[in-house]
$ cat data.csv   # CSV, C-alpha atoms
chain,number,residue,atom,x,y,z
A,1,MET,CA,15.5,-7.5,2.7
A,2,LYS,CA,13.4,-9.5,0.1
A,3,LEU,CA,11.3,-8.4,-2.8
A,4,SER,CA,7.6,-8.9,-3.2
A,5,LEU,CA,5.4,-8.2,-6.2
A,6,GLY,CA,2.1,-6.3,-6.0
A,7,ILE,CA,-0.8,-8.2,-7.6
A,8,TRP,CA,-3.7,-6.0,-8.7
A,9,PRO,CA,-7.1,-6.5,-10.2
A,10,ASN,CA,-8.1,-4.3,-13.1
A,11,ASN,CA,-9.6,-1.0,-11.9
A,12,PRO,CA,-8.4,-1.5,-8.3
A,13,TYR,CA,-9.6,1.9,-7.1
A,14,SER,CA,-12.9,2.1,-9.1
A,15,LEU,CA,-11.6,5.1,-10.9
A,16,GLY,CA,-12.5,4.2,-14.5
A,17,ILE,CA,-10.6,2.8,-17.3
A,18,VAL,CA,-7.6,5.1,-17.5
A,19,GLY,CA,-4.0,4.5,-16.7
A,20,VAL,CA,-3.8,2.7,-13.4
A,21,ALA,CA,-7.0,0.8,-14.1
A,22,THR,CA,-5.5,-2.0,-16.2
A,23,ASN,CA,-2.6,-4.4,-16.2
A,24,THR,CA,-2.0,-7.6,-18.2
A,25,TRP,CA,-2.4,-9.8,-15.2
A,26,GLY,CA,-5.5,-8.0,-13.9
A,27,ASN,CA,-8.1,-10.5,-15.1
A,28,LYS,CA,-6.0,-13.6,-14.4
A,29,PRO,CA,-6.7,-16.0,-11.6
A,30,VAL,CA,-5.0,-15.4,-8.3
A,31,GLU,CA,-3.1,-18.7,-8.5
A,32,TRP,CA,-1.9,-17.9,-12.0
A,33,CYS,CA,-0.5,-14.6,-10.8
A,34,ILE,CA,1.3,-16.2,-7.9
A,35,GLU,CA,2.9,-18.8,-10.2
A,36,LYS,CA,4.1,-16.0,-12.5
A,37,ALA,CA,5.6,-14.1,-9.6
A,38,VAL,CA,7.5,-17.2,-8.5
A,39,GLU,CA,8.6,-17.8,-12.1
A,40,TYR,CA,10.2,-14.3,-12.1
A,41,GLY,CA,12.0,-15.0,-8.8
A,42,TYR,CA,9.9,-13.3,-6.2
A,43,GLU,CA,9.6,-14.7,-2.7
A,44,ALA,CA,6.4,-12.9,-1.8
A,45,VAL,CA,3.4,-11.2,-3.2
A,46,ASP,CA,1.3,-8.3,-2.1
A,47,PHE,CA,-2.4,-8.3,-2.9
A,48,ILE,CA,-5.1,-5.6,-3.3
A,49,ASP,CA,-8.1,-7.1,-1.6
A,50,LYS,CA,-10.4,-6.4,-4.6
A,51,LYS,CA,-8.5,-9.1,-6.4
A,52,PHE,CA,-10.5,-11.4,-4.2
A,53,PHE,CA,-13.6,-9.4,-3.7
A,54,GLU,CA,-14.4,-9.5,-7.4
A,55,LEU,CA,-14.7,-13.3,-7.3
A,56,SER,CA,-18.0,-15.1,-7.2
A,57,PRO,CA,-19.0,-16.1,-3.7
A,58,ASP,CA,-18.3,-19.8,-4.3
A,59,LEU,CA,-14.9,-19.1,-5.9
A,60,TYR,CA,-14.1,-16.6,-3.2
A,61,GLU,CA,-14.6,-19.2,-0.5
A,62,LYS,CA,-12.7,-21.9,-2.4
A,63,THR,CA,-9.8,-19.5,-3.0
A,64,LEU,CA,-9.5,-18.4,0.6
A,65,ASN,CA,-9.7,-22.0,1.8
A,66,THR,CA,-6.9,-23.2,-0.4
A,67,LEU,CA,-4.6,-20.3,-1.0
A,68,ALA,CA,-2.4,-20.5,2.0
A,69,GLY,CA,-1.6,-24.1,1.2
A,70,PHE,CA,-1.1,-23.3,-2.5
A,71,MET,CA,1.4,-20.5,-1.6
A,72,ALA,CA,3.3,-22.8,0.8
A,73,GLN,CA,3.6,-25.4,-1.9
A,74,LYS,CA,5.0,-22.8,-4.3
A,75,GLY,CA,7.4,-21.5,-1.6
A,76,VAL,CA,6.0,-18.0,-1.6
A,77,VAL,CA,4.2,-15.9,1.1
A,78,ALA,CA,1.7,-13.1,1.1
A,79,SER,CA,3.6,-10.2,2.6
A,80,SER,CA,0.6,-7.9,2.8
A,81,VAL,CA,-3.0,-7.3,1.8
A,82,GLY,CA,-3.9,-3.7,0.8
A,83,ALA,CA,-7.3,-2.5,2.1
A,84,HIS,CA,-7.4,1.1,1.0
A,85,HIS,CA,-11.0,1.9,2.0
A,86,LEU,CA,-10.8,4.4,4.9
A,87,ALA,CA,-11.2,8.1,4.2
A,88,LEU,CA,-11.8,11.2,6.4
A,89,ALA,CA,-15.4,11.4,5.4
A,90,PRO,CA,-17.8,13.6,7.4
A,91,ARG,CA,-20.8,11.3,7.3
A,92,ASN,CA,-20.9,8.6,9.9
A,93,TYR,CA,-22.8,6.1,7.7
A,94,GLU,CA,-20.1,6.4,5.0
A,95,ARG,CA,-17.4,5.8,7.5
A,96,ARG,CA,-19.3,2.8,8.9
A,97,ALA,CA,-19.4,1.2,5.4
A,98,MET,CA,-15.7,1.8,5.0
A,99,ILE,CA,-14.8,0.2,8.3
A,100,ASP,CA,-17.0,-2.8,7.5
A,101,LEU,CA,-15.2,-3.3,4.2
A,102,VAL,CA,-11.8,-3.1,5.9
A,103,LYS,CA,-13.0,-5.7,8.4
A,104,LYS,CA,-13.8,-8.0,5.5
A,105,SER,CA,-10.3,-7.4,4.3
A,106,ILE,CA,-8.9,-8.3,7.7
A,107,ASP,CA,-10.8,-11.6,7.6
A,108,LEU,CA,-9.3,-12.2,4.1
A,109,THR,CA,-5.8,-11.4,5.3
A,110,ALA,CA,-6.1,-13.8,8.2
A,111,ARG,CA,-7.4,-16.6,6.1
A,112,ILE,CA,-4.6,-16.5,3.5
A,113,LYS,CA,-2.0,-16.1,6.3
A,114,ALA,CA,-0.7,-12.8,5.0
A,115,LYS,CA,1.9,-10.9,7.1
A,116,THR,CA,0.0,-7.7,7.6
A,117,ILE,CA,-2.8,-5.6,6.4
A,118,VAL,CA,-2.0,-2.2,4.9
A,119,CYS,CA,-4.3,0.8,4.9
A,120,TYR,CA,-4.1,4.1,3.1
A,121,ILE,CA,-6.4,6.7,4.8
A,122,ASP,CA,-7.6,9.1,2.2
A,123,GLY,CA,-8.4,12.8,2.5
A,124,TYR,CA,-7.7,16.0,4.4
A,125,TYR,CA,-5.4,18.0,2.1
A,126,ASN,CA,-6.3,16.3,-1.2
A,127,PRO,CA,-9.1,15.6,-1.6
A,128,PRO,CA,-9.6,18.7,0.5
A,129,THR,CA,-11.9,17.4,3.3
A,130,TYR,CA,-10.4,20.1,5.5
A,131,ILE,CA,-13.2,22.2,4.0
A,132,LEU,CA,-15.7,20.0,5.8
A,133,MET,CA,-14.0,19.5,9.1
A,134,SER,CA,-11.4,21.1,11.5
A,135,ARG,CA,-8.0,19.4,12.0
A,136,ASN,CA,-9.1,18.3,15.4
A,137,GLU,CA,-12.2,16.7,14.0
A,138,ALA,CA,-10.1,15.0,11.3
A,139,LYS,CA,-7.8,13.6,14.0
A,140,LYS,CA,-10.7,12.2,16.0
A,141,ILE,CA,-12.2,10.6,12.9
A,142,PHE,CA,-8.9,9.1,12.0
A,143,ILE,CA,-8.3,7.8,15.5
A,144,ASP,CA,-11.7,6.2,15.9
A,145,MET,CA,-11.6,4.5,12.5
A,146,VAL,CA,-8.1,3.1,12.8
A,147,LYS,CA,-8.6,2.0,16.3
A,148,GLU,CA,-11.7,0.0,15.5
A,149,CYS,CA,-10.0,-1.6,12.5
A,150,ALA,CA,-6.7,-2.3,14.4
A,151,GLU,CA,-8.6,-3.8,17.3
A,152,TYR,CA,-10.3,-6.2,15.0
A,153,ALA,CA,-7.0,-7.0,13.3
A,154,GLY,CA,-5.5,-7.7,16.7
A,155,GLU,CA,-8.3,-10.2,17.4
A,156,LYS,CA,-7.2,-12.1,14.3
A,157,GLY,CA,-3.5,-12.0,15.3
A,158,LEU,CA,-2.6,-9.4,12.7
A,159,THR,CA,-0.8,-6.1,12.6
A,160,PHE,CA,-2.6,-3.1,11.0
A,161,SER,CA,-0.1,-1.0,9.0
A,162,ILE,CA,-1.0,2.6,8.1
A,163,GLU,CA,0.6,4.4,5.2
A,164,PRO,CA,2.0,8.0,5.6
A,165,HIS,CA,1.6,9.8,2.3
A,166,GLN,CA,1.6,13.2,0.8
A,167,GLU,CA,-1.7,15.0,0.8
A,168,THR,CA,-3.2,12.9,3.6
A,169,LEU,CA,-3.6,13.8,7.2
A,170,ILE,CA,-0.6,11.6,8.1
A,171,ASN,CA,1.8,13.3,5.6
A,172,LEU,CA,4.7,13.5,8.0
A,173,PRO,CA,6.3,11.4,10.7
A,174,ASP,CA,5.3,13.6,13.7
A,175,ILE,CA,1.5,13.5,13.0
A,176,THR,CA,1.7,9.8,12.1
A,177,LEU,CA,3.4,9.0,15.4
A,178,GLU,CA,1.1,11.3,17.4
A,179,LEU,CA,-2.0,9.6,16.2
A,180,ILE,CA,-0.6,6.1,16.7
A,181,GLU,CA,0.2,7.1,20.3
A,182,LYS,CA,-3.3,8.4,20.8
A,183,ILE,CA,-4.8,5.2,19.5
A,184,GLY,CA,-2.7,3.3,22.0
A,185,LEU,CA,-2.7,-0.2,20.4
A,186,ASN,CA,0.4,-2.3,20.1
A,187,ASN,CA,-0.4,-3.9,16.8
A,188,ILE,CA,-0.3,-0.7,14.7
A,189,ARG,CA,2.6,-0.5,12.3
A,190,ILE,CA,3.7,1.8,9.5
A,191,THR,CA,4.1,1.1,5.8
A,192,ILE,CA,6.5,3.5,4.1
A,193,ASP,CA,6.1,4.5,0.5
A,194,PHE,CA,9.1,5.8,-1.4
A,195,GLY,CA,6.9,8.3,-3.2
A,196,GLY,CA,5.5,9.6,0.1
A,197,LEU,CA,9.0,9.8,1.5
A,198,TYR,CA,10.7,11.7,-1.4
A,199,LEU,CA,7.8,13.8,-2.5
A,200,GLY,CA,5.9,14.5,0.7
A,201,ILE,CA,8.4,14.2,3.5
A,202,LYS,CA,11.8,15.3,2.0
A,203,PRO,CA,10.8,19.0,1.7
A,204,HIS,CA,10.3,19.0,5.5
A,205,MET,CA,13.1,16.7,6.7
A,206,ASN,CA,15.9,14.4,5.7
A,207,VAL,CA,14.6,11.1,4.5
A,208,ILE,CA,17.1,9.1,6.5
A,209,ASP,CA,16.0,10.9,9.7
A,210,ALA,CA,12.4,10.3,8.8
A,211,ILE,CA,13.0,6.5,8.4
A,212,LYS,CA,14.9,6.5,11.7
A,213,LYS,CA,12.1,8.3,13.4
A,214,MET,CA,9.5,5.8,12.3
A,215,GLY,CA,11.8,2.8,12.2
A,216,HIS,CA,10.6,1.0,15.3
A,217,LEU,CA,7.1,0.7,13.7
A,218,ILE,CA,8.0,0.1,10.0
A,219,ASN,CA,6.9,-3.3,8.9
A,220,HIS,CA,6.4,-3.0,5.1
A,221,VAL,CA,7.7,-0.9,2.2
A,222,HIS,CA,6.1,0.2,-1.1
A,223,ALA,CA,8.7,0.7,-3.8
A,224,LYS,CA,8.0,3.1,-6.6
A,225,ASP,CA,9.5,6.1,-8.3
A,226,ILE,CA,7.8,9.4,-8.6
A,227,SER,CA,8.3,12.9,-10.2
A,228,GLY,CA,6.7,16.3,-9.6
A,229,THR,CA,5.7,18.2,-6.5
A,230,ILE,CA,3.1,17.8,-3.8
A,231,GLY,CA,-0.3,18.2,-5.5
A,232,ARG,CA,1.1,17.7,-9.0
A,233,TRP,CA,2.9,14.4,-9.4
A,234,ASN,CA,3.3,11.3,-11.5
A,235,MET,CA,4.4,7.8,-10.8
A,236,CYS,CA,7.3,7.0,-13.2
A,237,TRP,CA,9.4,4.0,-14.2
A,238,PHE,CA,12.1,3.0,-11.7
A,239,GLY,CA,15.1,5.2,-12.0
A,240,GLY,CA,13.3,8.1,-13.7
A,241,GLY,CA,12.1,10.1,-10.8
A,242,ILE,CA,13.3,11.7,-7.5
A,243,VAL,CA,13.6,8.6,-5.3
A,244,ASN,CA,17.1,7.9,-4.2
A,245,PHE,CA,16.9,4.1,-3.8
A,246,LYS,CA,20.5,3.8,-2.6
A,247,GLU,CA,19.8,6.3,0.3
A,248,ALA,CA,16.6,4.6,1.1
A,249,ALA,CA,18.3,1.2,1.3
A,250,GLU,CA,21.0,2.5,3.5
A,251,ALA,CA,18.5,4.0,5.9
A,252,LEU,CA,16.5,0.8,6.1
A,253,ASN,CA,19.7,-1.1,6.8
A,254,VAL,CA,20.4,1.4,9.7
A,255,ILE,CA,17.1,0.5,11.3
A,256,LYS,CA,17.8,-3.2,10.6
A,257,TYR,CA,14.6,-3.6,8.6
A,258,LYS,CA,14.1,-7.2,7.7
A,259,GLY,CA,10.7,-7.1,6.0
A,260,TYR,CA,9.7,-7.0,2.3
A,261,ILE,CA,10.2,-4.4,-0.3
A,262,GLY,CA,7.0,-4.5,-2.3
A,263,VAL,CA,7.0,-3.5,-6.0
A,264,GLU,CA,4.0,-1.2,-6.3
A,265,TRP,CA,3.8,-0.5,-10.0
A,266,GLU,CA,0.4,0.8,-10.9
A,267,GLY,CA,0.8,1.2,-14.7
A,268,TRP,CA,0.6,5.0,-14.8
A,269,PHE,CA,-0.6,7.1,-11.9
A,270,LYS,CA,-1.2,10.8,-12.3
A,271,GLY,CA,-1.8,12.2,-8.9
A,272,GLY,CA,-2.7,15.5,-7.3
A,273,LEU,CA,-5.1,18.1,-8.6
A,274,GLU,CA,-5.4,16.6,-12.1
A,275,GLY,CA,-6.7,13.3,-10.9
A,276,VAL,CA,-5.8,9.7,-11.6
A,277,GLY,CA,-4.7,8.3,-14.9
A,278,ASP,CA,-3.7,10.1,-18.1
A,279,LEU,CA,-5.8,9.6,-21.2
A,280,SER,CA,-2.9,10.7,-23.4
A,281,GLN,CA,-0.5,8.1,-22.1
A,282,SER,CA,-1.0,4.3,-22.2
A,283,GLY,CA,1.5,3.7,-19.4
A,284,LEU,CA,3.4,0.5,-18.9
A,285,ASN,CA,0.9,-2.2,-17.9
A,286,ASP,CA,2.7,-5.3,-19.2
A,287,PHE,CA,3.4,-7.2,-16.1
A,288,ASP,CA,5.6,-9.6,-18.0
A,289,ARG,CA,8.0,-6.6,-18.3
A,290,VAL,CA,7.2,-5.1,-15.0
A,291,ALA,CA,8.0,-8.2,-12.9
A,292,PRO,CA,11.5,-9.0,-14.2
A,293,GLU,CA,12.6,-5.4,-14.8
A,294,ALA,CA,11.5,-4.0,-11.5
A,295,LYS,CA,13.2,-6.9,-9.7
A,296,GLU,CA,16.4,-6.3,-11.7
A,297,PHE,CA,16.4,-2.6,-10.8
A,298,LEU,CA,15.6,-3.0,-7.1
A,299,GLU,CA,18.1,-5.8,-6.5
A,300,GLN,CA,20.9,-3.3,-7.0
A,301,PHE,CA,19.9,-1.8,-3.7
A,302,PHE,CA,17.9,-4.3,-1.7
A,303,LYS,CA,19.5,-7.6,-1.0

$ encode --input "data.csv" --output "structure tokens"
Amino acid sequence: MKLSLGIWPNNPYSLGIVGVATNTWGNKPVEWCIEKAVEYGYEAVDFIDKKFFELSPDLYEKTLNTLAGFMAQKGVVASSVGAHHLALAPRNYERRAMIDLVKKSIDLTARIKAKTIVCYIDGYYNPPTYILMSRNEAKKIFIDMVKECAEYAGEKGLTFSIEPHQETLINLPDITLELIEKIGLNNIRITIDFGGLYLGIKPHMNVIDAIKKMGHLINHVHAKDISGTIGRWNMCWFGGGIVNFKEAAEALNVIKYKGYIGVEWEGWFKGGLEGVGDLSQSGLNDFDRVAPEAKEFLEQFFK
């Protein structure tokens, strides 16, 4: 297993300037960020697509035309592109706009020769879109959106990796695998998130069993630490939360996982009912600390 470093723009989720919204590399050029990741010893990087979308049209095209060659020259790969735009929204025109944006992300992913595209599908338990739709309606919306996006990714030779997470419809392995089976495409994969595993899944089942259950489809991993409970949680610095990194590493070894472990440090992320960010805490957004210290911590377990 190898480590990759998540590269974010400022304000990646359009949530305003609190906590997660800023990092010290956020306004730096893509190439500069890659060079810094290589300097700190990473063999791969993960991107949030908005890092590219915020560029001017001319710079966007220039970057996408040259980035794969630039990364090859630097000896680094793009292990994933995050396209977190889908949500269980009741209005068809809203869903259409989300799907179109994900397709733009898929085009981006193919052009920079990233390994996979990762998609978090928002809604159902929190935000509580179950108020607006039945569970069966939510499943149908999920299946239709993911199927269209995954089919498009398949045309580009890409896998489409969905992320089980607390508070979403796919909060547990069984519902995740059920919906993947109903979609019926062979390029759909799973990105596991340590926060989702230890906060959302562990109350229901053993984490090792969960990883084994999804193991044949896992192609990417988001590494973070987390504290709290479902609905009231915080991302915290590595080693300060409930994630058992040793156990997770052993479980990934059991399934013979050979992919990347992506550092997903978002500065400070206050989740659940109280929203995102915390005005009373500045968080740790200095990526010249994050990059070496996260790597040093994770290398104890993932080698």

$ atom_distance --input "data.csv" --atom1 "atom CA of Val254 of chain A" --atom2 "atom CA of Ala37 of chain A"
28.8 Å

$ closest_residue --input "data.csv" --among "A:Val76, A:Ile230, A:Ile175, A:Ala210" --to "Cys33 of chain A" --atoms "only C-alpha atoms"
A:Val76

$ closest_residue --input "data.csv" --among "A:Asp100, A:Asp209, A:Asp288, A:Glu54" --to "Pro173 of chain A" --atoms "all atoms listed in the file"
A:Asp209

$ residues_around --input "data.csv" --residues "Leu177 of chain A" --least-positions-apart "6" --cutoff "9 Å" --atoms "all atoms listed in the file" --output "list in words"
Ile170, Lys213 and Met214 of chain A

$ write_last_selection --input "data.csv" --atoms "C-alpha atoms" --output "short mmCIF file (atom, residue, chain, number, x, y, z; two decimals), in the coordinates of the input"
data_model
loop_
_atom_site.label_atom_id
_atom_site.label_comp_id
_atom_site.auth_asym_id
_atom_site.auth_seq_id
_atom_site.Cartn_x
_atom_site.Cartn_y
_atom_site.Cartn_z
CA ILE A 170 -0.60 11.60 8.10
CA LYS A 213 12.10 8.30 13.40
CA MET A 214 9.50 5.80 12.30
#

$ residues_around --input "data.csv" --residues "Ile99 of chain A" --least-positions-apart "6" --cutoff "7 Å" --atoms "all atoms listed in the file" --output "mmCIF file with C-alpha atoms, in the frame of the given file"
data_model
loop_
_atom_site.group_PDB
_atom_site.id
_atom_site.type_symbol
_atom_site.label_atom_id
_atom_site.label_comp_id
_atom_site.auth_asym_id
_atom_site.auth_seq_id
_atom_site.Cartn_x
_atom_site.Cartn_y
_atom_site.Cartn_z
ATOM 1 C CA LEU A 86 -10.800 4.400 4.900
ATOM 2 C CA MET A 145 -11.600 4.500 12.500
ATOM 3 C CA CYS A 149 -10.000 -1.600 12.500
#

$ closest_residue --input "data.csv" --among "A:Asp286, A:Asp122, A:Glu299, A:Glu250" --to "Thr22 of chain A" --atoms "all atoms listed in the file"
A:Asp286

$ closest_residue --input "data.csv" --among "A:Ala249, A:Val146, A:Leu67, A:Leu217" --to "Phe194 of chain A" --atoms "only C-alpha atoms"
A:Ala249

$ closest_residue --input "data.csv" --among "A:Ile162, A:Gly157, A:Lys246, A:Glu35" --to "Met71 of chain A" --atoms "only C-alpha atoms"
A:Glu35

$ atom_distance --input "data.csv" --atom1 "atom CA of Gly26 of chain A" --atom2 "atom CA of Ile121 of chain A"
23.8 Å

$ residues_around --input "data.csv" --residues "Lys156 of chain A" --least-positions-apart "2" --cutoff "12 Å" --atoms "all atoms listed in the file" --output "PyMOL selection string"
chain A and resi 103-117+149-154+158-160+187

$ atom_distance --input "data.csv" --atom1 "atom CA of Gln166 of chain A" --atom2 "atom CA of Leu298 of chain A"
22.8 Å

$ closest_residue --input "data.csv" --among "A:His85, A:Tyr42, A:Tyr120, A:Tyr13" --to "Ala294 of chain A" --atoms "all atoms listed in the file"
A:Tyr42

$ residues_near_point --input "data.csv" --point "(-11.2, -19.8, -5.4)" --cutoff "12 Å" --atoms "only C-alpha atoms" --output "VMD selection string"
chain A and resid 29 to 32 51 to 68 70 112

$ write_last_selection --input "data.csv" --atoms "C-alpha atoms" --output "tab-separated table (two decimals), in the coordinates of the input"
chain	number	residue	atom	x	y	z
A	29	PRO	CA	-6.70	-16.00	-11.60
A	30	VAL	CA	-5.00	-15.40	-8.30
A	31	GLU	CA	-3.10	-18.70	-8.50
A	32	TRP	CA	-1.90	-17.90	-12.00
A	51	LYS	CA	-8.50	-9.10	-6.40
A	52	PHE	CA	-10.50	-11.40	-4.20
A	53	PHE	CA	-13.60	-9.40	-3.70
A	54	GLU	CA	-14.40	-9.50	-7.40
A	55	LEU	CA	-14.70	-13.30	-7.30
A	56	SER	CA	-18.00	-15.10	-7.20
A	57	PRO	CA	-19.00	-16.10	-3.70
A	58	ASP	CA	-18.30	-19.80	-4.30
A	59	LEU	CA	-14.90	-19.10	-5.90
A	60	TYR	CA	-14.10	-16.60	-3.20
A	61	GLU	CA	-14.60	-19.20	-0.50
A	62	LYS	CA	-12.70	-21.90	-2.40
A	63	THR	CA	-9.80	-19.50	-3.00
A	64	LEU	CA	-9.50	-18.40	0.60
A	65	ASN	CA	-9.70	-22.00	1.80
A	66	THR	CA	-6.90	-23.20	-0.40
A	67	LEU	CA	-4.60	-20.30	-1.00
A	68	ALA	CA	-2.40	-20.50	2.00
A	70	PHE	CA	-1.10	-23.30	-2.50
A	112	ILE	CA	-4.60	-16.50	3.50
